[in-house]
Amino acid sequence: MRPLSRDKADMLLLLFSCGLVLLLHVGHLPAWVFPSCAAILLWRGWITFRGNRMPPHWILLPVALLAMGGVFASYRTWFGRDAGVAMLALLLTLKLLEMHARRDLFVALFLSFFLILAGYFYSQSIGTALLTIVAVLAILTTQLSFQYTGTVPPLAQRLRLGAKILLLAAPLMLALFVLFPRIQGPLWGMPDDAQAGRSGLSDTMSPGNIARLALSDEIAFRVKFFDPVPAKSQLYWRGIVLGKYDGRTWSPPQAHQGGGQIVINTRGAPTRYQVTLEPHGRRWLFALDVPRALPILAGNPAVATPDLQLLSSQPISDRVRYDATSFVDFDLQPNAPPSVLPQWLELPPGFNPRTQALAAQLRSQADNNEEIIHAALRLFREQGFRYTLEPPPLGRHAVDEFLFSTRAGFCEHYSGAFVVLMRASGIPARVVTGYQGGEINPADGFLTVRQSDAHAWAEVWLDRRGWVRVDPTAAVSPDRVERNLASVIPRRAFGGLITLDGSRSAWIARLRQNWEAVTNAWNQWVLNYTPEKQRNFFRALGFDKVDWRTMAIVMLAVGAAVMAAILLPLLAGRPKRDPIDATYQSLCRRMAKLGYPRAPHEGPRAYGARLSAHDSPLPTATKAAIGRFLALYETVRYGAPEKAPLSYLSQLKTLLAECR
Amino acid sequence: MLSALEHSIRKRASKWLFRLRGAETGEVFLNQRRVFIMPTHPGLIFCVMLFALFIASVNYNLSLGFGFTFLIAGCALVDMYLTFRNLAYLHLAAGRAKPVFAGEHAQFELHLINRRNYDRYAIWLDFAADDRPELAQAADVAAHASRSVVLATPAHARGWLPAPRVRLQTRFPLGLLRAWSYWQPDAQALVYPRPEDDAPPLPQAGVENGSGPAAAGQDDFAGIRGYQAGDSPRRLAWRHIAKIDIALGGPLVTKHFEGGTTTEIVIDLSALPHRLDLEVRLSRMTRWVIEAEARGLPYAFRLGDVNFPATLGPAHQDACLRALALFGKV
């Protein structure tokens with residue numbers, strides 16, 4: 001096979017680079033876009049390979065219109081982020097079909113750069129970063145391949161040059177990344193679809209939603225504890241408080257009526273920790289039970305509701321981090337005003353008659369509210385209730401069916417049924433959803449809380465004790481609270497072929513933990529480098545008051561240092577001047593200053609002869625010194641080196657000093 | 001007048017800015033102060049794109065977007081250094097320039113010497129005043145190697161033609177920046193007068209002593225010359241022709257005889273009519289020198305103080321043409 005001509009090889013390289021860039025978008029483009037792009041790339045590759053003519057405009061135009069129509073059909077719009085990305089991908093490939101001049105090469109390359117950035121809307125993982133580096137390397141290699149005029153080195157050598165550019169750019173990137181003044185976005189409104197496809201707790205609870213989450217391995221948040229980690233049974237990450245029940249779905253209370261003052265009595269030492277929350281597109285923040293103060297989020301102040309939910313002002317659309325200090329031993333609203341309690345007693349009329357009857361029975365048998373609670377929990381424990389992710393479906397009287405016939409359910413069933421039972425017996429109660437537990441990653445010591453740790457529990461209000469947490473699920477499956485969901489219900493991967501069971505395949509678990517630690521470090525240090533974190537970094541460097549001027553100065557200084565570090569080794573290849581020649585040059589300069597410059601054609605001997613000629617007005621001593629200097633210089637430079645005295649350099653310098 | 005003023009200001013400004021200077025003898029070293037660098041058109045668009053990428057990263061809080069933007073900005077900075085290095089620290093030397101006739105192109109040979117241990121690619125050379133990019137020559141210079149490039153410029157007038165100022169540029173490796181430098185090579189080409197197109201026949205048989213025209217002598221065999229229409233077939237130099245195959249396009253040659261001194265060719269400026277312009281006379285003499293040489297007729301040459309006896313050969317021809325080129329010039 002004959003080697004490809006240079007133009008063809010360059011073009012194929014360009015197509016390869018564009019293909020790599022498009023690879024970043026495989027996951028989220030509509031099903032037809034990626035195959036279309038791939039087909040166009042292959043078409044272009046075939047044209048290049050065979051040396052055919054480019055398709056004429058009357059073919060290209062319908063193809064382009066078809067692509068635009070397709071985008072509109074998929075998104076019902078041409079604007080917005082997702083439609084824009086699809087358009088950009090199609091534009092890039094179509095541009096390749098009408099490349100003529102060198103200018104078009106740059107258009108294609110610059111479009112590729114935009115597409116790479118657009119890829120970060122969807123994923124900013126380590127894998128994306130690695131693919132980006134490969135793509136940039138390919139683009140650089142393509143770009144420089146087009147610049148050769150005569151000889152073109154083999155691809156490996158061009159790749160090396162591309163890699164060299166990339167490696168030299170890396171320290172600059174690091175310096176800029178850390179030091180370039182960060183501005184908190186967004187600068188303008190986010191498109192509506194920016195938050196699509198996030199998973200997490202929803203703001204309502206109906207049978208099945210948490211069970212569905214329990215199958216998700218996605219990470220909800222990570223916690224770094226500064227104090228000893230509380231016992232697993234105390235790790236209740238409080239999220240959403242649900243008080244309104246329509247017979248099937250729990251939702252938040254409509255308005256927070258007359259919350260007044262929230263009285264919290266705390267006991268014991270608080271626990272300090274830092275939460276790194278994955279974006280979930282909603283406003284709530286998670287904390288252990290009772291935080292001492294509101295978390296501080298830059299540009300997104302948090303508030304607390306009377307029922308002790310933490311809410312941010314803006315939806316959490318980016319990974320955020322906040323410090324919190326929580327008490328796990330406390331009394332919440334021990335003396336709540338009677339006016340706020342009725343709303344936690346409401347039940348929809350006409351639902352669950354058997355539960356109402358059971359509640360009346362419990363009430364008549366018990367002396368006080370505590371006894372009712374214990375009786376209810378005993379019911380769950382002793383009446384053959386099962387804990388399962390796949391409960392049988394429930395009908396109109398969901399709680400009745402659950403309590404008296406199916407007796408199989410997930411935490412949402414238990415907490416919901418429990419709260420209904422409590423309310424029916426006249427005890428103010430509410431459902432709280434959030435996360436329970438988490439897994440300490442031994443690799444970096446962070447507690448990882450996954451979507452599968454999502455949990456629902458109940459809170460009941462008792463006189464003088466305030467709101468008390470009751471977890472009916474724990475009565476049925478204590479393991480769920482003491483250990484992890486993973487150990488209660490084996491987690492399956494790869495369609496059930498491998499059971500990710502800690503005891504059986506420890507190395508898989510370890511691998512997973514290590515990988516997650518790496519991902520966490522990536523999240524903490526790369527993705528979560530916010531203006532605030534940047535300020536902290538500057539503070540750690542010793543700049544107390546950080547404004548943009550300080551940042552700019554530091555950035556310039558570090559940038560200069562980095563540039564110097566890169567360039568000095570490259571500049572070091574300069575030839576050093578021979579010290580002997582240097583002495584000769586300084587002699588010539590000295591004589592030139594006295595008015596006897598060396599003519600360009602004069603060698604040392606002729607020059608010396610002219611300087612020490614009889615008619616030269618130089619002092620005799622100088623003439624003698626010059627003569628001896630030049631004699632020694634000639635010996636060292638042109639004569640036999642072995643005849644030169646060992647200390648010739650210092651002798652030359654001494655003689656040079658005498659030439660005045 | 002205003003445009004003339006502007007032109008002069010621009011010229012002075014660029015002279016100051018680019019440190020234009022006269023011809024430099026010997027080997028010239030392009031130190032970093034002589035190399036200039038500016039973004040190209042794609043480079044400027046690249047800057048705009050970087051800004052757009054940065055804004056997008058801010059707006060969507062894309063940490064990886066910042067990293068990516070800074071990475072390719074870093075690549076552009078590295079490109080700036082590499083482009084600069086591709087041209088700077090190059091040694092330049094002027095090579096030979098062969099004499100040419102006026103109206104032809106003078107060819108200047110220029111040597112690019114790379115004493116560094118990295119290869120240099122895609123260095124474009126042209127004459128700064130030409131402004132015809134299609135005439136530029138591209139050169140690659142390997143590490144520790146040298147490369148010569150020949151640049152042509154039209155030679156209009158006889159005399160010494162100094163090499164015009166050379167511009168060296170490169171966009172390698174990424175094409176985002178252009179580094180350039182100017183160099184005035186210390187080279188000059190000798191430009192002979194343009195040979196007259198329809199010159200009268202050679203001044204034979206002592207035109208100068210007024211004894212009337214006479215055919216070239218027939219007494220002594222004096223050499224051979226190319227066949228001319230009207231030559232007697234008896235005079236064809238068959239032995240010569242036999243050596244060169246006519247079928248292959250070899251020329252016919254005629255034996256050439258010379259009789260005594262009267263048939264000597266003397267190319268003499270003072271023998272030409274004074275009413276003719278000097279340049280025309282020189283031009284005619286140039287043609288005669290070429291023709292006499294081509295026909296193998298020894299010729300004497302007289303031009304002002306120059307007085308060469310009749311002879312033949314490249315050295316004689318060059319001396320005559322040189323005298324013609326420099327006649328009246330300092």
# chains A, B, ... in the order shown; residues from 1 in each chain; ligands from 1

$ closest_atom_pairs --of "chain A" --to "chain B" --cutoff "7 Å" --atoms "only C-alpha atoms" --output "CSV"
residue,atom,partner,partner_atom,distance
A:Phe106,CA,B:Pro42,CA,6.7
A:Leu117,CA,B:Gly65,CA,5.8
A:Tyr120,CA,B:Leu62,CA,6.7
A:Gln124,CA,B:Leu64,CA,6.2
A:Gln143,CA,B:Leu174,CA,5.8
A:Leu144,CA,B:Leu174,CA,4.9
A:Gln147,CA,B:Phe172,CA,6.0
A:Tyr148,CA,B:Ala122,CA,5.7
A:Thr149,CA,B:Ala122,CA,5.2
A:Gly150,CA,B:Asp140,CA,6.5
A:Ile165,CA,B:Cys75,CA,5.9
A:Leu166,CA,B:Cys75,CA,6.1
A:Leu168,CA,B:Val78,CA,6.7
A:Ala169,CA,B:Gly74,CA,4.3
A:Ala170,CA,B:Leu71,CA,6.3
A:Leu172,CA,B:Gly74,CA,5.6
A:Met173,CA,B:Leu71,CA,4.8
A:Leu176,CA,B:Phe70,CA,6.4
A:Phe177,CA,B:Gly67,CA,6.0
A:Ile183,CA,B:Val58,CA,6.4
A:Gln184,CA,B:Val58,CA,6.7
A:Gly185,CA,B:Asn59,CA,4.6
A:Pro186,CA,B:Asn59,CA,3.9
A:Leu187,CA,B:Asn59,CA,5.0
A:Trp188,CA,B:Asn59,CA,6.8
A:Val526,CA,B:Ser63,CA,6.5
A:Leu527,CA,B:Ser63,CA,4.9
A:Tyr529,CA,B:Ser63,CA,6.9

$ write_last_selection --atoms "C-alpha atoms" --output "PDB file, in the first residue's frame"
ATOM      1  CA  PHE A 106      -9.184  26.851  12.138  1.00  0.00           C
ATOM      2  CA  LEU A 117     -16.437  22.769  26.697  1.00  0.00           C
ATOM      3  CA  TYR A 120     -18.788  19.640  30.580  1.00  0.00           C
ATOM      4  CA  GLN A 124     -17.037  16.689  34.553  1.00  0.00           C
ATOM      5  CA  GLN A 143      -3.054  21.892  13.874  1.00  0.00           C
ATOM      6  CA  LEU A 144       0.707  21.650  13.725  1.00  0.00           C
ATOM      7  CA  GLN A 147       1.822  24.019   9.340  1.00  0.00           C
ATOM      8  CA  TYR A 148       4.677  22.113   7.765  1.00  0.00           C
ATOM      9  CA  THR A 149       5.848  23.365   4.415  1.00  0.00           C
ATOM     10  CA  GLY A 150       8.639  21.092   3.326  1.00  0.00           C
ATOM     11  CA  ILE A 165       3.221  21.720  23.960  1.00  0.00           C
ATOM     12  CA  LEU A 166       0.599  20.173  26.196  1.00  0.00           C
ATOM     13  CA  LEU A 168       4.621  22.769  28.868  1.00  0.00           C
ATOM     14  CA  ALA A 169       1.136  24.270  29.049  1.00  0.00           C
ATOM     15  CA  ALA A 170       0.188  22.128  32.057  1.00  0.00           C
ATOM     16  CA  LEU A 172       0.626  27.340  33.289  1.00  0.00           C
ATOM     17  CA  MET A 173      -2.818  25.841  33.442  1.00  0.00           C
ATOM     18  CA  LEU A 176      -4.024  29.948  36.272  1.00  0.00           C
ATOM     19  CA  PHE A 177      -6.509  27.453  37.632  1.00  0.00           C
ATOM     20  CA  ILE A 183     -16.098  34.965  39.507  1.00  0.00           C
ATOM     21  CA  GLN A 184     -19.192  33.347  40.879  1.00  0.00           C
ATOM     22  CA  GLY A 185     -21.579  32.528  38.087  1.00  0.00           C
ATOM     23  CA  PRO A 186     -24.036  32.580  36.562  1.00  0.00           C
ATOM     24  CA  LEU A 187     -23.575  35.821  34.706  1.00  0.00           C
ATOM     25  CA  TRP A 188     -27.008  35.517  33.198  1.00  0.00           C
ATOM     26  CA  VAL A 526     -10.870  20.372  40.940  1.00  0.00           C
ATOM     27  CA  LEU A 527     -14.587  20.667  40.528  1.00  0.00           C
ATOM     28  CA  TYR A 529     -12.643  25.139  43.414  1.00  0.00           C
TER      29      TYR A 529
END

$ residues_around --residues "Gly434 in chain A" --least-positions-apart "5" --cutoff "12 Å" --atoms "only C-alpha atoms" --output "VMD selection string"
chain A and resid 200 to 205 210 213 220 to 221 235 to 242 284 to 289 309 to 310 411 to 412 449 to 458

$ write_last_selection --atoms "N, CA and C atoms" --output "mmCIF file, in the first residue's frame"
data_model
loop_
_atom_site.group_PDB
_atom_site.id
_atom_site.type_symbol
_atom_site.label_atom_id
_atom_site.label_comp_id
_atom_site.auth_asym_id
_atom_site.auth_seq_id
_atom_site.Cartn_x
_atom_site.Cartn_y
_atom_site.Cartn_z
ATOM 1 N N GLY A 200 -32.360 12.265 43.157
ATOM 2 C CA GLY A 200 -32.272 12.634 44.564
ATOM 3 C C GLY A 200 -33.651 12.512 45.164
ATOM 4 N N LEU A 201 -33.745 12.908 46.410
ATOM 5 C CA LEU A 201 -35.034 12.843 47.085
ATOM 6 C C LEU A 201 -35.994 13.787 46.399
ATOM 7 N N SER A 202 -37.251 13.418 46.392
ATOM 8 C CA SER A 202 -38.217 14.355 45.838
ATOM 9 C C SER A 202 -38.937 15.019 47.010
ATOM 10 N N ASP A 203 -39.686 16.057 46.711
ATOM 11 C CA ASP A 203 -40.288 16.789 47.829
ATOM 12 C C ASP A 203 -41.633 16.205 48.231
ATOM 13 N N THR A 204 -41.965 15.057 47.665
ATOM 14 C CA THR A 204 -43.148 14.352 48.148
ATOM 15 C C THR A 204 -42.741 12.915 48.410
ATOM 16 N N MET A 205 -43.588 12.204 49.125
ATOM 17 C CA MET A 205 -43.272 10.808 49.370
ATOM 18 C C MET A 205 -44.515 9.977 49.140
ATOM 19 N N ILE A 210 -38.791 6.199 47.441
ATOM 20 C CA ILE A 210 -37.492 6.009 48.087
ATOM 21 C C ILE A 210 -36.928 4.644 47.709
ATOM 22 N N LEU A 213 -35.013 5.024 44.709
ATOM 23 C CA LEU A 213 -33.718 5.655 44.987
ATOM 24 C C LEU A 213 -32.741 4.656 45.561
ATOM 25 N N ALA A 220 -24.956 11.041 47.122
ATOM 26 C CA ALA A 220 -25.762 12.218 47.439
ATOM 27 C C ALA A 220 -24.883 13.317 48.003
ATOM 28 N N PHE A 221 -24.092 12.956 48.978
ATOM 29 C CA PHE A 221 -23.124 13.926 49.509
ATOM 30 C C PHE A 221 -22.035 13.187 50.256
ATOM 31 N N LEU A 235 -26.627 8.724 62.765
ATOM 32 C CA LEU A 235 -26.396 9.488 61.539
ATOM 33 C C LEU A 235 -27.698 9.661 60.761
ATOM 34 N N TYR A 236 -28.551 10.499 61.264
ATOM 35 C CA TYR A 236 -29.793 10.820 60.547
ATOM 36 C C TYR A 236 -29.605 12.168 59.872
ATOM 37 N N TRP A 237 -29.468 12.156 58.546
ATOM 38 C CA TRP A 237 -29.286 13.401 57.779
ATOM 39 C C TRP A 237 -30.655 13.924 57.421
ATOM 40 N N ARG A 238 -31.060 14.907 58.199
ATOM 41 C CA ARG A 238 -32.403 15.424 58.077
ATOM 42 C C ARG A 238 -32.563 16.234 56.805
ATOM 43 N N GLY A 239 -33.632 15.933 56.088
ATOM 44 C CA GLY A 239 -33.838 16.666 54.840
ATOM 45 C C GLY A 239 -35.171 17.362 54.832
ATOM 46 N N ILE A 240 -36.194 16.676 54.348
ATOM 47 C CA ILE A 240 -37.476 17.320 54.090
ATOM 48 C C ILE A 240 -38.479 16.847 55.130
ATOM 49 N N VAL A 241 -39.216 17.793 55.647
ATOM 50 C CA VAL A 241 -40.270 17.459 56.608
ATOM 51 C C VAL A 241 -41.593 17.435 55.856
ATOM 52 N N LEU A 242 -42.327 16.319 55.988
ATOM 53 C CA LEU A 242 -43.592 16.163 55.265
ATOM 54 C C LEU A 242 -44.719 16.066 56.284
ATOM 55 N N TRP A 284 -33.095 22.097 49.283
ATOM 56 C CA TRP A 284 -32.747 21.688 50.637
ATOM 57 C C TRP A 284 -31.292 21.278 50.810
ATOM 58 N N LEU A 285 -30.872 21.470 52.054
ATOM 59 C CA LEU A 285 -29.522 21.100 52.468
ATOM 60 C C LEU A 285 -29.666 20.029 53.542
ATOM 61 N N PHE A 286 -28.657 19.227 53.680
ATOM 62 C CA PHE A 286 -28.740 18.155 54.658
ATOM 63 C C PHE A 286 -27.767 18.404 55.787
ATOM 64 N N ALA A 287 -28.266 18.105 57.015
ATOM 65 C CA ALA A 287 -27.391 18.216 58.177
ATOM 66 C C ALA A 287 -27.835 17.173 59.182
ATOM 67 N N LEU A 288 -26.940 16.873 60.095
ATOM 68 C CA LEU A 288 -27.309 15.954 61.171
ATOM 69 C C LEU A 288 -28.284 16.698 62.067
ATOM 70 N N ASP A 289 -29.368 16.012 62.463
ATOM 71 C CA ASP A 289 -30.388 16.551 63.367
ATOM 72 C C ASP A 289 -30.453 18.070 63.499
ATOM 73 N N GLN A 309 -36.215 22.582 58.643
ATOM 74 C CA GLN A 309 -35.608 22.190 57.382
ATOM 75 C C GLN A 309 -34.628 23.277 57.021
ATOM 76 N N LEU A 310 -33.537 22.887 56.409
ATOM 77 C CA LEU A 310 -32.583 23.876 55.923
ATOM 78 C C LEU A 310 -32.815 24.049 54.430
ATOM 79 N N CYS A 411 -38.958 1.751 53.977
ATOM 80 C CA CYS A 411 -39.031 2.737 55.040
ATOM 81 C C CYS A 411 -40.187 3.718 54.848
ATOM 82 N N GLU A 412 -40.515 4.032 53.596
ATOM 83 C CA GLU A 412 -41.599 4.991 53.395
ATOM 84 C C GLU A 412 -42.943 4.422 53.843
ATOM 85 N N VAL A 449 -22.371 9.302 51.516
ATOM 86 C CA VAL A 449 -23.798 9.038 51.636
ATOM 87 C C VAL A 449 -24.360 8.944 50.229
ATOM 88 N N ARG A 450 -24.954 7.802 49.932
ATOM 89 C CA ARG A 450 -25.465 7.562 48.583
ATOM 90 C C ARG A 450 -26.966 7.722 48.541
ATOM 91 N N GLN A 451 -27.487 7.747 47.311
ATOM 92 C CA GLN A 451 -28.941 7.785 47.169
ATOM 93 C C GLN A 451 -29.558 6.552 47.810
ATOM 94 N N SER A 452 -28.829 5.457 47.809
ATOM 95 C CA SER A 452 -29.375 4.240 48.398
ATOM 96 C C SER A 452 -29.493 4.360 49.917
ATOM 97 N N ASP A 453 -28.898 5.387 50.495
ATOM 98 C CA ASP A 453 -29.054 5.610 51.931
ATOM 99 C C ASP A 453 -30.278 6.477 52.230
ATOM 100 N N ALA A 454 -31.025 6.803 51.212
ATOM 101 C CA ALA A 454 -32.225 7.616 51.442
ATOM 102 C C ALA A 454 -33.145 6.877 52.409
ATOM 103 N N HIS A 455 -33.779 7.638 53.253
ATOM 104 C CA HIS A 455 -34.531 7.012 54.327
ATOM 105 C C HIS A 455 -35.687 7.924 54.706
ATOM 106 N N ALA A 456 -36.687 7.337 55.318
ATOM 107 C CA ALA A 456 -37.794 8.141 55.851
ATOM 108 C C ALA A 456 -38.077 7.659 57.261
ATOM 109 N N TRP A 457 -38.299 8.574 58.136
ATOM 110 C CA TRP A 457 -38.595 8.205 59.517
ATOM 111 C C TRP A 457 -39.673 9.134 60.047
ATOM 112 N N ALA A 458 -40.006 8.985 61.268
ATOM 113 C CA ALA A 458 -41.109 9.772 61.814
ATOM 114 C C ALA A 458 -40.630 10.616 62.984
#

$ atom_distance --atom1 "CA of Pro600 in chain A" --atom2 "CA of Ala145 in chain B"
25.8 Å

$ closest_atom_pairs --of "range 35-92 of chain A" --to "range 16-21 of chain A" --cutoff "8 Å" --atoms "only C-alpha atoms" --output "JSON lines"
{"residue": "A:Ala38", "atom": "CA", "partner": "A:Gly19", "partner_atom": "CA", "distance": 7.4}
{"residue": "A:Leu41", "atom": "CA", "partner": "A:Gly19", "partner_atom": "CA", "distance": 7.4}
{"residue": "A:Leu92", "atom": "CA", "partner": "A:Cys18", "partner_atom": "CA", "distance": 7.9}

$ residues_around --residues "Thr448 in chain A" --least-positions-apart "6" --cutoff "12 Å" --atoms "only C-alpha atoms" --output "MDAnalysis selection string"
chainID A and resid 217:225 235 274:278 435:442 484 513 516:517 519:520

$ residues_around --residues "Gln585 in chain A" --least-positions-apart "6" --cutoff "12 Å" --atoms "only C-alpha atoms" --output "list in words"
Arg577, Asp578, Pro579, Met591, Ala592, Pro597, Arg598, Pro604, Leu630, Tyr633, Leu652, Lys653 and Leu656 of chain A

$ closest_residue --among "A:Phe110, A:Asp544, A:Met11, A:Gly69" --to "Leu44 in chain B" --atoms "only C-alpha atoms"
A:Phe110

$ closest_residue --among "B:Ser3, B:Ser146, B:Gln32, B:Ser8" --to "Leu112 in chain B" --atoms "only C-alpha atoms"
B:Ser146

$ select_by_dssp --residues "range 1-247 of chain B" --states "helix (DSSP H, G or I)" --output "ChimeraX atom specification"
/B:2-17,32-34,41-60,63-87,133-135,207-209,233-235,238-243,246-247

$ atom_distance --atom1 "CA of Ala606 in chain A" --atom2 "CA of Leu594 in chain A"
17.7 Å
